[in-house]
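Trainee: Please find my_file_22.cif (mmCIF, C-alpha atoms) on the next line:
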data_query
loop_
_atom_site.label_atom_id
_atom_site.label_comp_id
_atom_site.auth_asym_id
_atom_site.auth_seq_id
_atom_site.Cartn_x
_atom_site.Cartn_y
_atom_site.Cartn_z
CA MET A 1 -25.21 272.77 -22.84
CA THR A 2 -21.95 271.71 -24.36
CA TYR A 3 -19.70 273.53 -26.76
CA PRO A 4 -21.40 273.73 -30.17
CA ALA A 5 -20.22 271.84 -33.21
CA LEU A 6 -18.12 274.11 -35.39
CA SER A 7 -18.71 274.62 -39.07
CA LEU A 8 -18.35 277.01 -41.92
CA LEU A 9 -21.56 278.83 -42.80
CA ILE A 10 -21.66 279.33 -46.56
CA ASP A 11 -24.78 280.12 -48.55
CA GLY A 12 -27.02 279.14 -45.65
CA LYS A 13 -25.38 275.72 -45.25
CA PHE A 14 -23.32 274.55 -42.28
CA ILE A 15 -20.23 272.69 -43.49
CA GLY A 16 -18.30 270.57 -41.01
CA VAL A 17 -14.72 269.34 -40.84
CA GLU A 18 -15.26 266.31 -43.07
CA GLY A 19 -12.69 266.25 -45.87
CA ARG A 20 -10.95 269.51 -44.98
CA ASN A 21 -8.11 270.79 -42.90
CA SER A 22 -8.98 271.70 -39.33
CA GLU A 23 -7.45 272.73 -36.05
CA PRO A 24 -8.52 272.16 -32.46
CA VAL A 25 -10.18 274.88 -30.41
CA ILE A 26 -8.73 274.65 -26.92
CA ASN A 27 -10.40 275.47 -23.62
CA PRO A 28 -7.80 277.75 -21.99
CA ALA A 29 -9.01 276.81 -18.50
CA ASN A 30 -8.05 273.14 -18.77
CA GLY A 31 -6.23 272.65 -22.10
CA HIS A 32 -8.85 270.23 -23.43
CA THR A 33 -9.99 270.30 -27.04
CA LEU A 34 -13.51 271.66 -27.36
CA ALA A 35 -14.02 270.91 -31.06
CA ASP A 36 -12.24 270.91 -34.38
CA LEU A 37 -12.51 274.08 -36.43
CA PRO A 38 -12.79 273.49 -40.17
CA HIS A 39 -10.58 275.63 -42.37
CA ALA A 40 -12.06 277.14 -45.49
CA SER A 41 -10.43 276.02 -48.72
CA SER A 42 -9.96 278.32 -51.69
CA VAL A 43 -13.07 276.70 -53.21
CA ASP A 44 -14.99 277.47 -49.99
CA LEU A 45 -13.85 281.09 -50.16
CA ASP A 46 -14.94 281.40 -53.78
CA GLU A 47 -18.33 279.91 -52.86
CA ALA A 48 -18.67 282.28 -49.88
CA LEU A 49 -17.91 285.32 -52.02
CA ALA A 50 -20.30 284.16 -54.75
CA ALA A 51 -23.05 283.54 -52.18
CA ALA A 52 -22.42 286.94 -50.58
CA ALA A 53 -22.60 288.61 -54.00
CA ARG A 54 -25.94 286.91 -54.68
CA GLY A 55 -27.16 287.92 -51.22
CA PHE A 56 -26.02 291.49 -51.77
CA ALA A 57 -28.03 291.71 -55.00
CA VAL A 58 -31.16 290.98 -52.94
CA TRP A 59 -30.30 292.67 -49.63
CA ARG A 60 -29.31 296.01 -51.16
CA SER A 61 -32.83 296.45 -52.54
CA VAL A 62 -34.50 295.84 -49.16
CA THR A 63 -35.57 299.14 -47.68
CA ALA A 64 -33.68 300.47 -44.66
CA VAL A 65 -36.84 300.12 -42.57
CA ASP A 66 -37.25 296.46 -43.50
CA ARG A 67 -33.53 295.75 -43.02
CA ALA A 68 -33.85 297.25 -39.53
CA LYS A 69 -36.71 294.88 -38.72
CA VAL A 70 -34.63 291.84 -39.71
CA ILE A 71 -31.57 293.06 -37.82
CA LYS A 72 -33.61 293.84 -34.70
CA ARG A 73 -35.05 290.30 -34.80
CA ALA A 74 -31.50 288.97 -34.83
CA ALA A 75 -30.65 291.14 -31.80
CA ASP A 76 -33.71 289.80 -29.98
CA THR A 77 -32.72 286.24 -30.88
CA ILE A 78 -29.24 286.83 -29.47
CA ARG A 79 -30.83 288.06 -26.24
CA GLU A 80 -32.96 284.89 -26.09
CA ARG A 81 -29.84 282.77 -26.56
CA ILE A 82 -27.60 284.73 -24.21
CA GLU A 83 -26.86 281.75 -21.94
CA THR A 84 -25.90 279.47 -24.82
CA ILE A 85 -23.69 282.05 -26.50
CA ALA A 86 -22.09 283.17 -23.23
CA LEU A 87 -21.22 279.61 -22.26
CA ALA A 88 -19.60 278.98 -25.64
CA MET A 89 -17.58 282.19 -25.19
CA THR A 90 -16.46 281.22 -21.71
CA LEU A 91 -15.44 277.73 -22.81
CA GLU A 92 -13.40 278.90 -25.79
CA GLN A 93 -11.95 282.09 -24.35
CA GLY A 94 -11.83 281.68 -20.59
CA LYS A 95 -13.73 284.88 -19.82
CA PRO A 96 -15.81 284.54 -16.63
CA LEU A 97 -19.40 283.59 -17.42
CA ALA A 98 -20.79 286.84 -15.97
CA GLU A 99 -18.53 288.86 -18.26
CA SER A 100 -19.49 286.69 -21.23
CA ARG A 101 -23.17 287.32 -20.53
CA GLY A 102 -22.48 291.05 -20.37
CA GLU A 103 -20.60 291.03 -23.65
CA VAL A 104 -23.32 289.07 -25.44
CA ALA A 105 -25.99 291.45 -24.12
CA TYR A 106 -23.91 294.41 -25.26
CA ALA A 107 -23.40 292.78 -28.68
CA ALA A 108 -27.18 292.50 -29.08
CA ASP A 109 -27.52 296.18 -28.13
CA VAL A 110 -24.89 297.14 -30.71
CA ILE A 111 -26.66 295.18 -33.42
CA GLU A 112 -29.95 296.87 -32.53
CA TRP A 113 -28.22 300.27 -32.57
CA TYR A 114 -26.95 299.61 -36.09
CA ALA A 115 -30.46 298.60 -37.15
CA GLU A 116 -31.71 302.01 -36.01
CA GLU A 117 -28.77 303.87 -37.53
CA GLY A 118 -29.41 302.12 -40.84
CA ARG A 119 -32.89 303.65 -40.83
CA ARG A 120 -31.26 307.08 -40.57
CA ALA A 121 -28.88 306.74 -43.50
CA TYR A 122 -30.13 310.04 -44.84
CA GLY A 123 -28.57 311.86 -47.71
CA ARG A 124 -27.62 315.50 -47.41
CA ILE A 125 -27.28 318.65 -49.43
CA VAL A 126 -23.81 320.15 -49.43
CA PRO A 127 -23.32 323.87 -50.09
CA SER A 128 -21.57 324.45 -53.38
CA ARG A 129 -18.89 326.98 -54.23
CA VAL A 130 -20.65 327.60 -57.50
CA PRO A 131 -23.86 329.71 -57.38
CA GLY A 132 -26.95 327.84 -58.50
CA VAL A 133 -25.36 324.40 -58.11
CA ARG A 134 -26.59 321.95 -55.52
CA LEU A 135 -24.48 319.00 -54.42
CA MET A 136 -26.29 315.99 -53.03
CA VAL A 137 -24.81 313.11 -51.07
CA GLU A 138 -26.76 309.88 -51.20
CA GLN A 139 -25.78 306.83 -49.17
CA GLU A 140 -26.15 303.46 -50.82
CA PRO A 141 -24.85 299.93 -50.31
CA VAL A 142 -21.55 299.35 -52.09
CA GLY A 143 -21.05 295.58 -52.08
CA VAL A 144 -19.70 292.69 -50.09
CA ALA A 145 -17.69 293.47 -46.97
CA VAL A 146 -15.06 291.11 -45.62
CA ALA A 147 -14.35 291.29 -41.88
CA PHE A 148 -11.74 289.69 -39.66
CA THR A 149 -12.24 289.71 -35.91
CA PRO A 150 -9.89 289.13 -32.95
CA TRP A 151 -10.24 286.72 -30.04
CA ASN A 152 -10.49 289.23 -27.19
CA PHE A 153 -14.10 290.37 -27.72
CA PRO A 154 -15.58 287.43 -29.64
CA ALA A 155 -19.18 288.69 -29.56
CA LEU A 156 -18.81 292.45 -29.57
CA THR A 157 -16.38 292.81 -32.46
CA PRO A 158 -18.29 290.52 -34.86
CA ALA A 159 -21.53 292.26 -33.81
CA ARG A 160 -20.10 295.60 -34.89
CA LYS A 161 -18.99 294.19 -38.23
CA MET A 162 -22.26 292.33 -38.88
CA GLY A 163 -24.54 295.13 -37.70
CA GLY A 164 -22.78 297.88 -39.62
CA ALA A 165 -22.51 296.05 -42.94
CA LEU A 166 -26.03 294.64 -42.88
CA ALA A 167 -27.64 297.91 -41.78
CA ALA A 168 -25.90 299.68 -44.67
CA GLY A 169 -27.39 297.14 -47.07
CA CYS A 170 -24.15 295.28 -47.72
CA ALA A 171 -23.47 291.56 -47.52
CA LEU A 172 -20.71 290.23 -45.29
CA VAL A 173 -18.14 287.46 -45.21
CA LEU A 174 -16.91 287.14 -41.63
CA LYS A 175 -13.77 285.33 -40.50
CA PRO A 176 -13.68 285.08 -36.70
CA ALA A 177 -10.55 284.34 -34.69
CA GLU A 178 -9.51 280.69 -34.65
CA GLU A 179 -9.41 280.78 -30.84
CA THR A 180 -13.05 281.90 -30.45
CA PRO A 181 -15.06 280.80 -33.49
CA ALA A 182 -18.20 279.46 -31.80
CA THR A 183 -19.27 282.83 -30.44
CA ALA A 184 -19.32 284.42 -33.90
CA LEU A 185 -20.97 281.33 -35.38
CA GLU A 186 -23.74 281.56 -32.77
CA LEU A 187 -24.29 285.24 -33.70
CA ALA A 188 -24.52 284.23 -37.35
CA ARG A 189 -27.08 281.56 -36.43
CA ALA A 190 -29.18 284.29 -34.83
CA PHE A 191 -29.29 286.14 -38.14
#
As structure tokens - that is how I would like this structure written.
Mentor:
Amino acid sequence: MTYPALSLLIDGKFIGVEGRNSEPVINPANGHTLADLPHASSVDLDEALAAAARGFAVWRSVTAVDRAKVIKRAADTIRERIETIALAMTLEQGKPLAESRGEVAYAADVIEWYAEEGRRAYGRIVPSRVPGVRLMVEQEPVGVAVAFTPWNFPALTPARKMGGALAAGCALVLKPAEETPATALELARAF
């Protein structure tokens, strides 16, 4: 397996470097360029937000139980692709392959944990100071989340952002670190 082609993922479409600014992703072990990372333009960002808003309108109405099923399938897919994702992480970050495998496995576990937590997004009754008044807290999706992730844990940090937002019923626009974009892109492919 070689390092994957990099792209933007907007509205279910993979968009390459053609016609846009880009920068090289460097293998820290040998200084060689792995691939060119496309930069999102302001038009791309507008399209990503519009697509996320459309996705949110649908995803928010999916029951927590059904969201959990989808998210768990993504976690299982990540586990099936552990070697591919771990190799991409090692190439772009320099982490030993054994550690990359461990991080990817942990990322899948975190995503699955969020799937289960999303099923338990119960409301609650809060005692009132006023007799005869009942206060109720109800959890509901609020909108599109935007997440930025660092280079040092390129699977685990995006997994936390993706799992939490999606389990809550929100949509997500994720911007991974420029140094380690393939790992996050491979997680997104699993979803």
Trainee: Which residue gives the smallest distance to A:Ala74 among A:Tyr114, A:Tyr3, A:Phe148, A:Phe153, with only C-alpha atoms counted?
Mentor: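 Of A:Tyr114, A:Tyr3, A:Phe148, A:Phe153, the one nearest A:Ala74, counting only C-alpha atoms, is A:Tyr114.
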Trainee: Check which residues satisfy the PyMOL selection byres ((chain A and resi 123) around 7) in the file shown, then give them as a VMD selection string.
Mentor: chain A and resid 121 to 122 124 137 to 139
Trainee: Please identify all polymer residues within 10 Å of A:Tyr106, counting only C-alpha atoms, omitting same-chain residues fewer than 3 positions from it, and present them as a ChimeraX atom specification.
Mentor: /A:75,79,100-103,109-112,155-156,159
Trainee: Atom CA of A:Thr149 and atom CA of A:Glu92 are how many Å apart?
Mentor: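 Atom-to-atom, atom CA of A:Thr149 to atom CA of A:Glu92, that is 14.9 Å.
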Trainee: Any idea what the distance is between atom CA of A:Ala29 and atom CA of A:Leu91?
Mentor: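 These two atoms are separated by 7.8 Å.
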Trainee: Take atom CA of A:Ala40 and atom CA of A:Asn21 and report the distance between them in Å, one decimal.
Mentor: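 Distance reported for this atom pair: 7.9 Å.
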Trainee: Which of these, A:Pro4, A:Pro141, A:Gly164, A:Gly12, has the shortest distance to A:Glu47 once you count all atoms listed in the file?
Mentor: A:Gly12
Trainee: If the PyMOL selection byres ((chain A and resi 49) around 10) is run on the structure shown, which residues does it catch, given as a PyMOL selection string?
Mentor: chain A and resi 10-11+43-48+50-55+144-146+171-173
Trainee: Find, counting all atoms listed in the file, the residue in A:Lys175, A:Glu140, A:Thr2, A:Ala35 that gets nearest to A:Glu83.
Mentor: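 Result for the nearest residue to A:Glu83: A:Thr2.
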Trainee: Suppose a student applies the PyMOL selection byres ((chain A and resi 177-183) around 6) to this structure; what residues should they get, written as number ranges by chain?
Mentor: A: 25, 85, 89, 92, 149-151, 154-155, 176, 184-186
Trainee: Which residue out of A:Pro28, A:Ala188, A:Thr157, A:Gly163 has the minimum interatomic distance to A:Pro96 when only C-alpha atoms are used?
Mentor: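 With only C-alpha atoms as the atom set, the closest residue is A:Pro28.
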Trainee: Between stretch 91-129 of chain A and stretch 59-71 of chain A, at 6 Å or less, what are the per-residue closest atom pairs and their distances in Å? Count all atoms listed in the file, order by chain and rising residue number, and return it as a Markdown table.
Mentor:
| residue | atom | partner | partner_atom | distance |
| --- | --- | --- | --- | --- |
| A:Ala115 | CA | A:Ala68 | CA | 4.4 |
| A:Gly118 | CA | A:Ala64 | CA | 6.0 |
| A:Arg119 | CA | A:Ala64 | CA | 5.0 |
Trainee: Selected residues, C-alpha atoms, written as a PDB file, in the frame of the given file, please.
Mentor:
ATOM      1  CA  ALA A 115     -30.460 298.600 -37.150  1.00  0.00           C
ATOM      2  CA  GLY A 118     -29.410 302.120 -40.840  1.00  0.00           C
ATOM      3  CA  ARG A 119     -32.890 303.650 -40.830  1.00  0.00           C
TER       4      ARG A 119
END
Trainee: Tell me which of A:Asn27, A:Ser22, A:Thr90, A:Asn152 sits closest to A:Ser41, counting all atoms listed in the file.
Mentor: A:Ser22
Trainee: How would stretch 75-86 of chain A read, as a JSON list (two decimals), in the frame of the given file, once all heavy atoms are built in?
Mentor:
[["chain", "number", "residue", "atom", "x", "y", "z"],
["A", 75, "ALA", "N", -31.06, 290.67, -33.14],
["A", 75, "ALA", "CA", -30.65, 291.14, -31.80],
["A", 75, "ALA", "C", -31.52, 290.51, -30.72],
["A", 75, "ALA", "O", -31.01, 290.08, -29.67],
["A", 75, "ALA", "CB", -30.72, 292.66, -31.74],
["A", 76, "ASP", "N", -32.81, 290.44, -30.96],
["A", 76, "ASP", "CA", -33.71, 289.80, -29.98],
["A", 76, "ASP", "C", -33.40, 288.31, -29.83],
["A", 76, "ASP", "O", -33.44, 287.77, -28.72],
["A", 76, "ASP", "CB", -35.17, 289.99, -30.40],
["A", 76, "ASP", "CG", -35.65, 291.42, -30.24],
["A", 76, "ASP", "OD1", -35.02, 292.19, -29.49],
["A", 76, "ASP", "OD2", -36.66, 291.77, -30.89],
["A", 77, "THR", "N", -33.07, 287.65, -30.93],
["A", 77, "THR", "CA", -32.72, 286.24, -30.88],
["A", 77, "THR", "C", -31.44, 286.03, -30.08],
["A", 77, "THR", "O", -31.33, 285.08, -29.28],
["A", 77, "THR", "CB", -32.58, 285.67, -32.30],
["A", 77, "THR", "OG1", -33.82, 285.85, -33.00],
["A", 77, "THR", "CG2", -32.21, 284.19, -32.28],
["A", 78, "ILE", "N", -30.48, 286.91, -30.25],
["A", 78, "ILE", "CA", -29.24, 286.83, -29.47],
["A", 78, "ILE", "C", -29.56, 286.97, -27.99],
["A", 78, "ILE", "O", -29.03, 286.23, -27.15],
["A", 78, "ILE", "CB", -28.23, 287.90, -29.94],
["A", 78, "ILE", "CG1", -27.72, 287.53, -31.34],
["A", 78, "ILE", "CG2", -27.08, 288.06, -28.94],
["A", 78, "ILE", "CD1", -27.00, 288.65, -32.05],
["A", 79, "ARG", "N", -30.44, 287.90, -27.65],
["A", 79, "ARG", "CA", -30.83, 288.06, -26.24],
["A", 79, "ARG", "C", -31.49, 286.79, -25.70],
["A", 79, "ARG", "O", -31.27, 286.40, -24.56],
["A", 79, "ARG", "CB", -31.76, 289.25, -26.09],
["A", 79, "ARG", "CG", -31.06, 290.58, -26.28],
["A", 79, "ARG", "CD", -32.01, 291.76, -26.07],
["A", 79, "ARG", "NE", -31.33, 292.99, -26.39],
["A", 79, "ARG", "CZ", -31.53, 293.70, -27.51],
["A", 79, "ARG", "NH1", -32.44, 293.30, -28.39],
["A", 79, "ARG", "NH2", -30.85, 294.80, -27.71],
["A", 80, "GLU", "N", -32.31, 286.13, -26.52],
["A", 80, "GLU", "CA", -32.96, 284.89, -26.09],
["A", 80, "GLU", "C", -31.94, 283.77, -25.87],
["A", 80, "GLU", "O", -32.16, 282.88, -25.04],
["A", 80, "GLU", "CB", -33.98, 284.44, -27.15],
["A", 80, "GLU", "CG", -35.18, 285.34, -27.26],
["A", 80, "GLU", "CD", -36.02, 285.04, -28.50],
["A", 80, "GLU", "OE1", -35.73, 284.05, -29.22],
["A", 80, "GLU", "OE2", -36.96, 285.81, -28.75],
["A", 81, "ARG", "N", -30.85, 283.83, -26.60],
["A", 81, "ARG", "CA", -29.84, 282.77, -26.56],
["A", 81, "ARG", "C", -28.62, 283.17, -25.74],
["A", 81, "ARG", "O", -27.54, 282.57, -25.87],
["A", 81, "ARG", "CB", -29.40, 282.42, -27.98],
["A", 81, "ARG", "CG", -30.53, 281.88, -28.83],
["A", 81, "ARG", "CD", -30.09, 281.63, -30.24],
["A", 81, "ARG", "NE", -31.20, 281.20, -31.07],
["A", 81, "ARG", "CZ", -31.13, 281.05, -32.38],
["A", 81, "ARG", "NH1", -30.00, 281.27, -33.02],
["A", 81, "ARG", "NH2", -32.18, 280.66, -33.06],
["A", 82, "ILE", "N", -28.74, 284.17, -24.92],
["A", 82, "ILE", "CA", -27.60, 284.73, -24.21],
["A", 82, "ILE", "C", -26.84, 283.67, -23.41],
["A", 82, "ILE", "O", -25.61, 283.66, -23.40],
["A", 82, "ILE", "CB", -28.04, 285.92, -23.32],
["A", 82, "ILE", "CG1", -26.81, 286.71, -22.88],
["A", 82, "ILE", "CG2", -28.84, 285.48, -22.13],
["A", 82, "ILE", "CD1", -27.17, 288.08, -22.31],
["A", 83, "GLU", "N", -27.55, 282.76, -22.75],
["A", 83, "GLU", "CA", -26.86, 281.75, -21.94],
["A", 83, "GLU", "C", -26.04, 280.80, -22.81],
["A", 83, "GLU", "O", -24.90, 280.46, -22.46],
["A", 83, "GLU", "CB", -27.87, 280.97, -21.09],
["A", 83, "GLU", "CG", -28.48, 281.78, -19.97],
["A", 83, "GLU", "CD", -27.46, 282.32, -18.97],
["A", 83, "GLU", "OE1", -26.50, 281.59, -18.62],
["A", 83, "GLU", "OE2", -27.61, 283.48, -18.55],
["A", 84, "THR", "N", -26.59, 280.38, -23.91],
["A", 84, "THR", "CA", -25.90, 279.47, -24.82],
["A", 84, "THR", "C", -24.65, 280.12, -25.40],
["A", 84, "THR", "O", -23.57, 279.52, -25.43],
["A", 84, "THR", "CB", -26.85, 279.03, -25.96],
["A", 84, "THR", "OG1", -27.99, 278.39, -25.38],
["A", 84, "THR", "CG2", -26.16, 278.10, -26.93],
["A", 85, "ILE", "N", -24.81, 281.34, -25.88],
["A", 85, "ILE", "CA", -23.69, 282.05, -26.50],
["A", 85, "ILE", "C", -22.62, 282.38, -25.46],
["A", 85, "ILE", "O", -21.42, 282.22, -25.70],
["A", 85, "ILE", "CB", -24.18, 283.31, -27.23],
["A", 85, "ILE", "CG1", -25.18, 282.93, -28.34],
["A", 85, "ILE", "CG2", -23.01, 284.08, -27.83],
["A", 85, "ILE", "CD1", -25.93, 284.11, -28.94],
["A", 86, "ALA", "N", -23.05, 282.82, -24.29],
["A", 86, "ALA", "CA", -22.09, 283.17, -23.23],
["A", 86, "ALA", "C", -21.30, 281.96, -22.78],
["A", 86, "ALA", "O", -20.09, 282.06, -22.53],
["A", 86, "ALA", "CB", -22.82, 283.81, -22.05]]
